[in-house]
Amino acid sequence: MAFKTRITELLEIEHPIVQGGMMNVGFAEMASAVSNAGGLGIITALSQPSPEALRNEIERTRSMTSKPFGVNMTVFPTINSPDYKAYAQAIIDGGIKIVETAGTPAVREIWEQLKPHGIKILHKCTAVRHAVSAEKAGVDVISIDGFECAGHPGEDDIPGLILIPAAADKVKIPMLASGGFGDGRGLAAALSLGADGINMGTRFCATKEAPIHDNVKQAYVDNDERGSFLIFRNFKNTARVGKSPVSEEVVRRLAKPEAKFEDVRELVAGTAGKELLETGDLSKGVFWAGMVQGLIHDIPTCEELISRIVADAEAIVRGRMAGMLV
């Protein structure tokens with residue numbers, strides 16, 4: 001059995017489950033495994049060192065799946081800003097038809113570059129007002145990201161239980177629910193709240209095919225729902241990362257009133273995080289992780305995970321919820 005929603009129809013996928021873009025995780029192995037399992041896999045453009053490398057990664061993914069997959073392009077303040085337009089051109093040249101975007105208003109320049117080529121834009125945002133603005137600008141799908149999420153949850157601190165239906169009340173285009181999703185209960189809840197599918201990041205990190213070290217995958221299993229920290233609140237660039245001795249030290253340093261980014265630069269640098277994911281040495285940096293860690297208890301294949309989520313969601317809709325009707 002499969003759920004048929006506006007997301008499955010628009011993206012031409014079997015299940016309404018999207019793997020969000022994840023820095024240094026969204027490679028061909030990850031995206032192809034999700035797509036082959038019936039979801040939408042996404043490779044992360046900026047995980048590649050150059051636009052040419054992205055072109056090669058697109059082709060490598062295409063050699064591993066015949067099903068739809070997309071590319072993530074996130075425009076955020078970084079230590080060294082990449083040539084975003086060159087990466088977007090690589091996406092166009094690679095024949096990609098689905099792109100997930102996120103970030104500052106500067107991302108609109110990327111939309112303008114992609115849209116003439118018939119590329120569907122899935123825009124990730126953390127506020128209803130931003131979702132409405134993106135819809136007016138012509139994006140095709142909103143991915144509304146609740147406070148529970150890994151990565152950047154925004155500054156409003158609105159959890160998914162409120163944010164998803166609030167966005168559904170205002171947005172007319174298809175919508176994905178993101179942040180805190182990892183099982184069939186979440187999928188059934190998202191559909192009940194007005195979304196057309198779910199976007200998962202952290203949960204896909206704890207799968208067999210995720211191209212990260214087993215030590216990191218085990219950290220997702222070991223951490224519970226309290227196993228994350230918010231950092232960078234001082235700089236209005238809030239980020240949620242997994243609980244570890246390094247992230248605890250970041251929190252300690254940033255708790256000082258006079259704290260500056262330079263105080264934690266070496267701990268949060270992208271190169272340090274990349275080394276952590278590759279070597280499994282959790283002392284090397286920080287890793288992205290959401291509150292959904294409290295629902296992660298195993299490390300299945302992507303096929304097993306997606307099949308289980310869909311089956312459990314169906315059982316809830318057909319059984320538990322239907323059984324409550326009088």
# chains A, B, ... in the order shown; residues from 1 in each chain; ligands from 1

$ select_by_dssp --residues "stretch 29-225 of chain A" --states "strand (DSSP E or B)" --output "count of residues only"
38

$ closest_atom_pairs --of "stretch 255-314 of chain A" --to "stretch 25-36 of chain A" --cutoff "12 Å" --atoms "only C-alpha atoms" --output "JSON lines"
{"residue": "A:Gly273", "atom": "CA", "partner": "A:Val25", "partner_atom": "CA", "distance": 10.9}
{"residue": "A:Lys274", "atom": "CA", "partner": "A:Val25", "partner_atom": "CA", "distance": 9.1}
{"residue": "A:Glu275", "atom": "CA", "partner": "A:Val25", "partner_atom": "CA", "distance": 11.9}
{"residue": "A:Leu276", "atom": "CA", "partner": "A:Val25", "partner_atom": "CA", "distance": 11.7}
{"residue": "A:Leu277", "atom": "CA", "partner": "A:Val25", "partner_atom": "CA", "distance": 8.3}
{"residue": "A:Glu278", "atom": "CA", "partner": "A:Val25", "partner_atom": "CA", "distance": 9.8}
{"residue": "A:Phe287", "atom": "CA", "partner": "A:Val25", "partner_atom": "CA", "distance": 10.7}
{"residue": "A:Trp288", "atom": "CA", "partner": "A:Val25", "partner_atom": "CA", "distance": 10.4}
{"residue": "A:Pro300", "atom": "CA", "partner": "A:Ala33", "partner_atom": "CA", "distance": 11.8}
{"residue": "A:Thr301", "atom": "CA", "partner": "A:Ala33", "partner_atom": "CA", "distance": 8.3}
{"residue": "A:Cys302", "atom": "CA", "partner": "A:Val34", "partner_atom": "CA", "distance": 5.8}
{"residue": "A:Glu303", "atom": "CA", "partner": "A:Val34", "partner_atom": "CA", "distance": 7.2}
{"residue": "A:Glu304", "atom": "CA", "partner": "A:Val34", "partner_atom": "CA", "distance": 10.4}
{"residue": "A:Leu305", "atom": "CA", "partner": "A:Val34", "partner_atom": "CA", "distance": 9.5}
{"residue": "A:Ile306", "atom": "CA", "partner": "A:Val34", "partner_atom": "CA", "distance": 8.1}
{"residue": "A:Ser307", "atom": "CA", "partner": "A:Val34", "partner_atom": "CA", "distance": 10.9}

$ write_last_selection --atoms "C-alpha atoms" --output "mmCIF file, in the first residue's frame"
data_model
loop_
_atom_site.group_PDB
_atom_site.id
_atom_site.type_symbol
_atom_site.label_atom_id
_atom_site.label_comp_id
_atom_site.auth_asym_id
_atom_site.auth_seq_id
_atom_site.Cartn_x
_atom_site.Cartn_y
_atom_site.Cartn_z
ATOM 1 C CA GLY A 273 32.516 18.408 11.051
ATOM 2 C CA LYS A 274 33.501 16.653 7.827
ATOM 3 C CA GLU A 275 36.399 14.929 9.583
ATOM 4 C CA LEU A 276 34.056 13.818 12.381
ATOM 5 C CA LEU A 277 31.637 12.224 9.914
ATOM 6 C CA GLU A 278 34.437 10.470 8.030
ATOM 7 C CA PHE A 287 27.347 17.114 13.962
ATOM 8 C CA TRP A 288 23.814 18.114 12.989
ATOM 9 C CA PRO A 300 18.046 -0.013 9.166
ATOM 10 C CA THR A 301 18.479 0.194 5.406
ATOM 11 C CA CYS A 302 16.619 3.013 3.687
ATOM 12 C CA GLU A 303 14.299 0.421 2.145
ATOM 13 C CA GLU A 304 13.498 -1.048 5.556
ATOM 14 C CA LEU A 305 12.986 2.380 7.106
ATOM 15 C CA ILE A 306 10.688 3.767 4.421
ATOM 16 C CA SER A 307 8.665 0.562 4.173
#

$ residues_around --residues "A:Arg55" --least-positions-apart "2" --cutoff "8 Å" --atoms "only C-alpha atoms" --output "compact mmCIF listing (two decimals) with N, CA and C atoms, in the first residue's frame"
# COMPACT_ATOMS: atom_id res chain seq x y z
N PRO A 51 31.64 23.15 -8.78
CA PRO A 51 30.51 22.86 -9.66
C PRO A 51 30.78 21.65 -10.56
N GLU A 52 32.01 21.50 -11.02
CA GLU A 52 32.33 20.36 -11.88
C GLU A 52 32.19 19.05 -11.10
N ALA A 53 32.59 19.05 -9.85
CA ALA A 53 32.44 17.87 -9.01
C ALA A 53 30.96 17.56 -8.81
N GLU A 57 28.88 14.17 -9.54
CA GLU A 57 28.07 13.50 -8.51
C GLU A 57 26.64 13.26 -9.00
N ILE A 58 26.12 14.18 -9.79
CA ILE A 58 24.80 13.99 -10.38
C ILE A 58 24.81 12.77 -11.29
N GLU A 59 25.84 12.65 -12.09
CA GLU A 59 25.94 11.50 -13.00
C GLU A 59 26.15 10.21 -12.22
N ALA A 90 25.50 24.09 -12.77
CA ALA A 90 25.83 22.66 -12.82
C ALA A 90 24.58 21.81 -12.66
N ILE A 91 23.66 22.26 -11.81
CA ILE A 91 22.38 21.56 -11.63
C ILE A 91 21.59 21.57 -12.93
N ASP A 93 22.80 22.01 -15.98
CA ASP A 93 23.53 21.20 -16.97
C ASP A 93 23.34 19.71 -16.72
N GLY A 94 23.14 19.35 -15.46
CA GLY A 94 22.98 17.93 -15.12
C GLY A 94 21.58 17.39 -15.37

$ residues_around --residues "A:Gly197" --least-positions-apart "4" --cutoff "12 Å" --atoms "only C-alpha atoms" --output "PyMOL selection string"
chain A and resi 2-11+13-19+39-40+141-144+164+174-178+181+184+186-193+309-310+313

$ write_last_selection --atoms "C-alpha atoms" --output "PDB file, in the first residue's frame"
ATOM      1  CA  ALA A   2       1.178   3.529  -0.702  1.00  0.00           C
ATOM      2  CA  PHE A   3      -0.133   6.974   0.157  1.00  0.00           C
ATOM      3  CA  LYS A   4      -1.135   9.124  -2.789  1.00  0.00           C
ATOM      4  CA  THR A   5      -0.705  12.829  -2.087  1.00  0.00           C
ATOM      5  CA  ARG A   6       0.021  16.005  -4.007  1.00  0.00           C
ATOM      6  CA  ILE A   7       3.709  15.421  -3.244  1.00  0.00           C
ATOM      7  CA  THR A   8       3.831  11.913  -4.701  1.00  0.00           C
ATOM      8  CA  GLU A   9       2.039  13.117  -7.816  1.00  0.00           C
ATOM      9  CA  LEU A  10       4.086  16.274  -8.337  1.00  0.00           C
ATOM     10  CA  LEU A  11       7.463  14.648  -7.718  1.00  0.00           C
ATOM     11  CA  ILE A  13       7.604   9.265  -6.306  1.00  0.00           C
ATOM     12  CA  GLU A  14       6.012   6.249  -4.634  1.00  0.00           C
ATOM     13  CA  HIS A  15       5.963   7.448  -1.024  1.00  0.00           C
ATOM     14  CA  PRO A  16       5.538  10.992   0.384  1.00  0.00           C
ATOM     15  CA  ILE A  17       8.949  10.915   2.060  1.00  0.00           C
ATOM     16  CA  VAL A  18      11.787  13.255   1.112  1.00  0.00           C
ATOM     17  CA  GLN A  19      15.385  13.066   2.299  1.00  0.00           C
ATOM     18  CA  GLY A  39      11.156   8.311  -1.572  1.00  0.00           C
ATOM     19  CA  LEU A  40      12.948  11.320  -3.000  1.00  0.00           C
ATOM     20  CA  VAL A 141       6.550  23.114  -2.751  1.00  0.00           C
ATOM     21  CA  ILE A 142       6.992  24.480   0.757  1.00  0.00           C
ATOM     22  CA  SER A 143       8.942  22.410   3.276  1.00  0.00           C
ATOM     23  CA  ILE A 144       7.976  23.897   6.622  1.00  0.00           C
ATOM     24  CA  ILE A 164       2.524  22.826  10.215  1.00  0.00           C
ATOM     25  CA  PRO A 174       1.896  21.201  -1.763  1.00  0.00           C
ATOM     26  CA  MET A 175       3.679  21.192   1.576  1.00  0.00           C
ATOM     27  CA  LEU A 176       6.186  18.948   3.314  1.00  0.00           C
ATOM     28  CA  ALA A 177       6.433  18.772   7.095  1.00  0.00           C
ATOM     29  CA  SER A 178       9.995  18.830   8.369  1.00  0.00           C
ATOM     30  CA  PHE A 181       9.931  13.092  11.774  1.00  0.00           C
ATOM     31  CA  GLY A 184       4.970   6.142  10.805  1.00  0.00           C
ATOM     32  CA  GLY A 186       5.063  11.185  12.345  1.00  0.00           C
ATOM     33  CA  LEU A 187       3.905  10.609   8.781  1.00  0.00           C
ATOM     34  CA  ALA A 188       0.303  10.040   9.881  1.00  0.00           C
ATOM     35  CA  ALA A 189       0.477  13.137  12.084  1.00  0.00           C
ATOM     36  CA  ALA A 190       1.917  15.286   9.298  1.00  0.00           C
ATOM     37  CA  LEU A 191      -0.861  14.270   6.919  1.00  0.00           C
ATOM     38  CA  SER A 192      -3.429  14.961   9.649  1.00  0.00           C
ATOM     39  CA  LEU A 193      -1.965  18.433  10.233  1.00  0.00           C
ATOM     40  CA  ILE A 309       7.182   4.172   8.097  1.00  0.00           C
ATOM     41  CA  VAL A 310       4.572   3.715   5.376  1.00  0.00           C
ATOM     42  CA  ALA A 313       1.290   5.072   9.086  1.00  0.00           C
TER      43      ALA A 313
END

$ residues_around --residues "stretch 215-222 of chain A" --least-positions-apart "6" --cutoff "6 Å" --atoms "only C-alpha atoms" --output "ChimeraX atom specification"
/A:206,280,293,296-297

$ write_last_selection --atoms "all heavy atoms" --output "PDB file, in the first residue's frame"
ATOM      1  N   ALA A 206      20.919   7.813  10.309  1.00  0.00           N
ATOM      2  CA  ALA A 206      21.055   6.550  11.025  1.00  0.00           C
ATOM      3  C   ALA A 206      20.501   5.407  10.187  1.00  0.00           C
ATOM      4  O   ALA A 206      19.581   4.687  10.591  1.00  0.00           O
ATOM      5  CB  ALA A 206      20.356   6.621  12.377  1.00  0.00           C
ATOM      6  N   GLY A 280      34.625   9.236  12.490  1.00  0.00           N
ATOM      7  CA  GLY A 280      33.887   8.772  13.653  1.00  0.00           C
ATOM      8  C   GLY A 280      34.457   9.286  14.958  1.00  0.00           C
ATOM      9  O   GLY A 280      34.000   8.898  16.040  1.00  0.00           O
ATOM     10  N   GLN A 293      16.114  12.304  17.535  1.00  0.00           N
ATOM     11  CA  GLN A 293      17.011  11.267  18.051  1.00  0.00           C
ATOM     12  C   GLN A 293      16.310  10.404  19.097  1.00  0.00           C
ATOM     13  O   GLN A 293      16.625   9.228  19.249  1.00  0.00           O
ATOM     14  CB  GLN A 293      18.259  11.913  18.677  1.00  0.00           C
ATOM     15  CG  GLN A 293      19.229  12.500  17.671  1.00  0.00           C
ATOM     16  CD  GLN A 293      20.379  13.221  18.359  1.00  0.00           C
ATOM     17  OE1 GLN A 293      21.513  12.786  18.289  1.00  0.00           O
ATOM     18  NE2 GLN A 293      20.074  14.310  19.040  1.00  0.00           N
ATOM     19  N   ILE A 296      14.924   7.336  17.472  1.00  0.00           N
ATOM     20  CA  ILE A 296      15.828   6.500  16.679  1.00  0.00           C
ATOM     21  C   ILE A 296      16.395   5.402  17.563  1.00  0.00           C
ATOM     22  O   ILE A 296      17.120   5.681  18.528  1.00  0.00           O
ATOM     23  CB  ILE A 296      16.970   7.348  16.073  1.00  0.00           C
ATOM     24  CG1 ILE A 296      16.405   8.393  15.116  1.00  0.00           C
ATOM     25  CG2 ILE A 296      17.974   6.452  15.349  1.00  0.00           C
ATOM     26  CD1 ILE A 296      17.448   9.349  14.545  1.00  0.00           C
ATOM     27  N   HIS A 297      16.063   4.173  17.249  1.00  0.00           N
ATOM     28  CA  HIS A 297      16.477   3.042  18.074  1.00  0.00           C
ATOM     29  C   HIS A 297      17.234   1.968  17.295  1.00  0.00           C
ATOM     30  O   HIS A 297      17.652   0.963  17.875  1.00  0.00           O
ATOM     31  CB  HIS A 297      15.253   2.406  18.737  1.00  0.00           C
ATOM     32  CG  HIS A 297      14.391   3.401  19.470  1.00  0.00           C
ATOM     33  ND1 HIS A 297      14.864   4.172  20.517  1.00  0.00           N
ATOM     34  CD2 HIS A 297      13.094   3.768  19.285  1.00  0.00           C
ATOM     35  CE1 HIS A 297      13.900   4.965  20.955  1.00  0.00           C
ATOM     36  NE2 HIS A 297      12.821   4.738  20.226  1.00  0.00           N
TER      37      HIS A 297
END

$ residues_around --residues "A:Leu114" --least-positions-apart "6" --cutoff "10 Å" --atoms "only C-alpha atoms" --output "JSON, numbers by chain"
{"A": [85, 88, 89, 91, 92, 96, 97, 98, 99, 108, 120, 121]}

$ residues_around --residues "A:Met23" --least-positions-apart "6" --cutoff "9 Å" --atoms "only C-alpha atoms" --output "list of chain:residue names"
A:Thr44, A:Ala45, A:Leu46, A:Ser47, A:Gly270, A:Lys274, A:Trp288

$ atom_distance --atom1 "atom CA of A:Ile173" --atom2 "atom CA of A:Gly118"
16.6 Å

$ closest_atom_pairs --of "stretch 67-184 of chain A" --to "stretch 242-248 of chain A" --cutoff "12 Å" --atoms "only C-alpha atoms" --output "CSV"
residue,atom,partner,partner_atom,distance
A:Cys149,CA,A:Gly242,CA,11.1
A:Ala150,CA,A:Gly242,CA,8.3
A:Gly151,CA,A:Gly242,CA,9.8

$ closest_residue --among "A:Asp298, A:Phe76, A:Phe232, A:Lys115" --to "A:Arg252" --atoms "only C-alpha atoms"
A:Phe232

$ closest_residue --among "A:Gly179, A:Gly20, A:Pro211, A:Pro153" --to "A:His123" --atoms "only C-alpha atoms"
A:Gly20

$ select_by_dssp --residues "stretch 64-277 of chain A" --states "helix (DSSP H, G or I)" --output "VMD selection string"
chain A and resid 84 to 93 107 to 117 128 to 136 160 to 170 184 to 192 202 to 205 214 to 222 233 to 235 245 to 254 261 to 263 265 to 268 270 to 277

$ closest_residue --among "A:Ala102, A:Val75, A:Leu267, A:Ile212" --to "A:Val286" --atoms "only C-alpha atoms"
A:Leu267
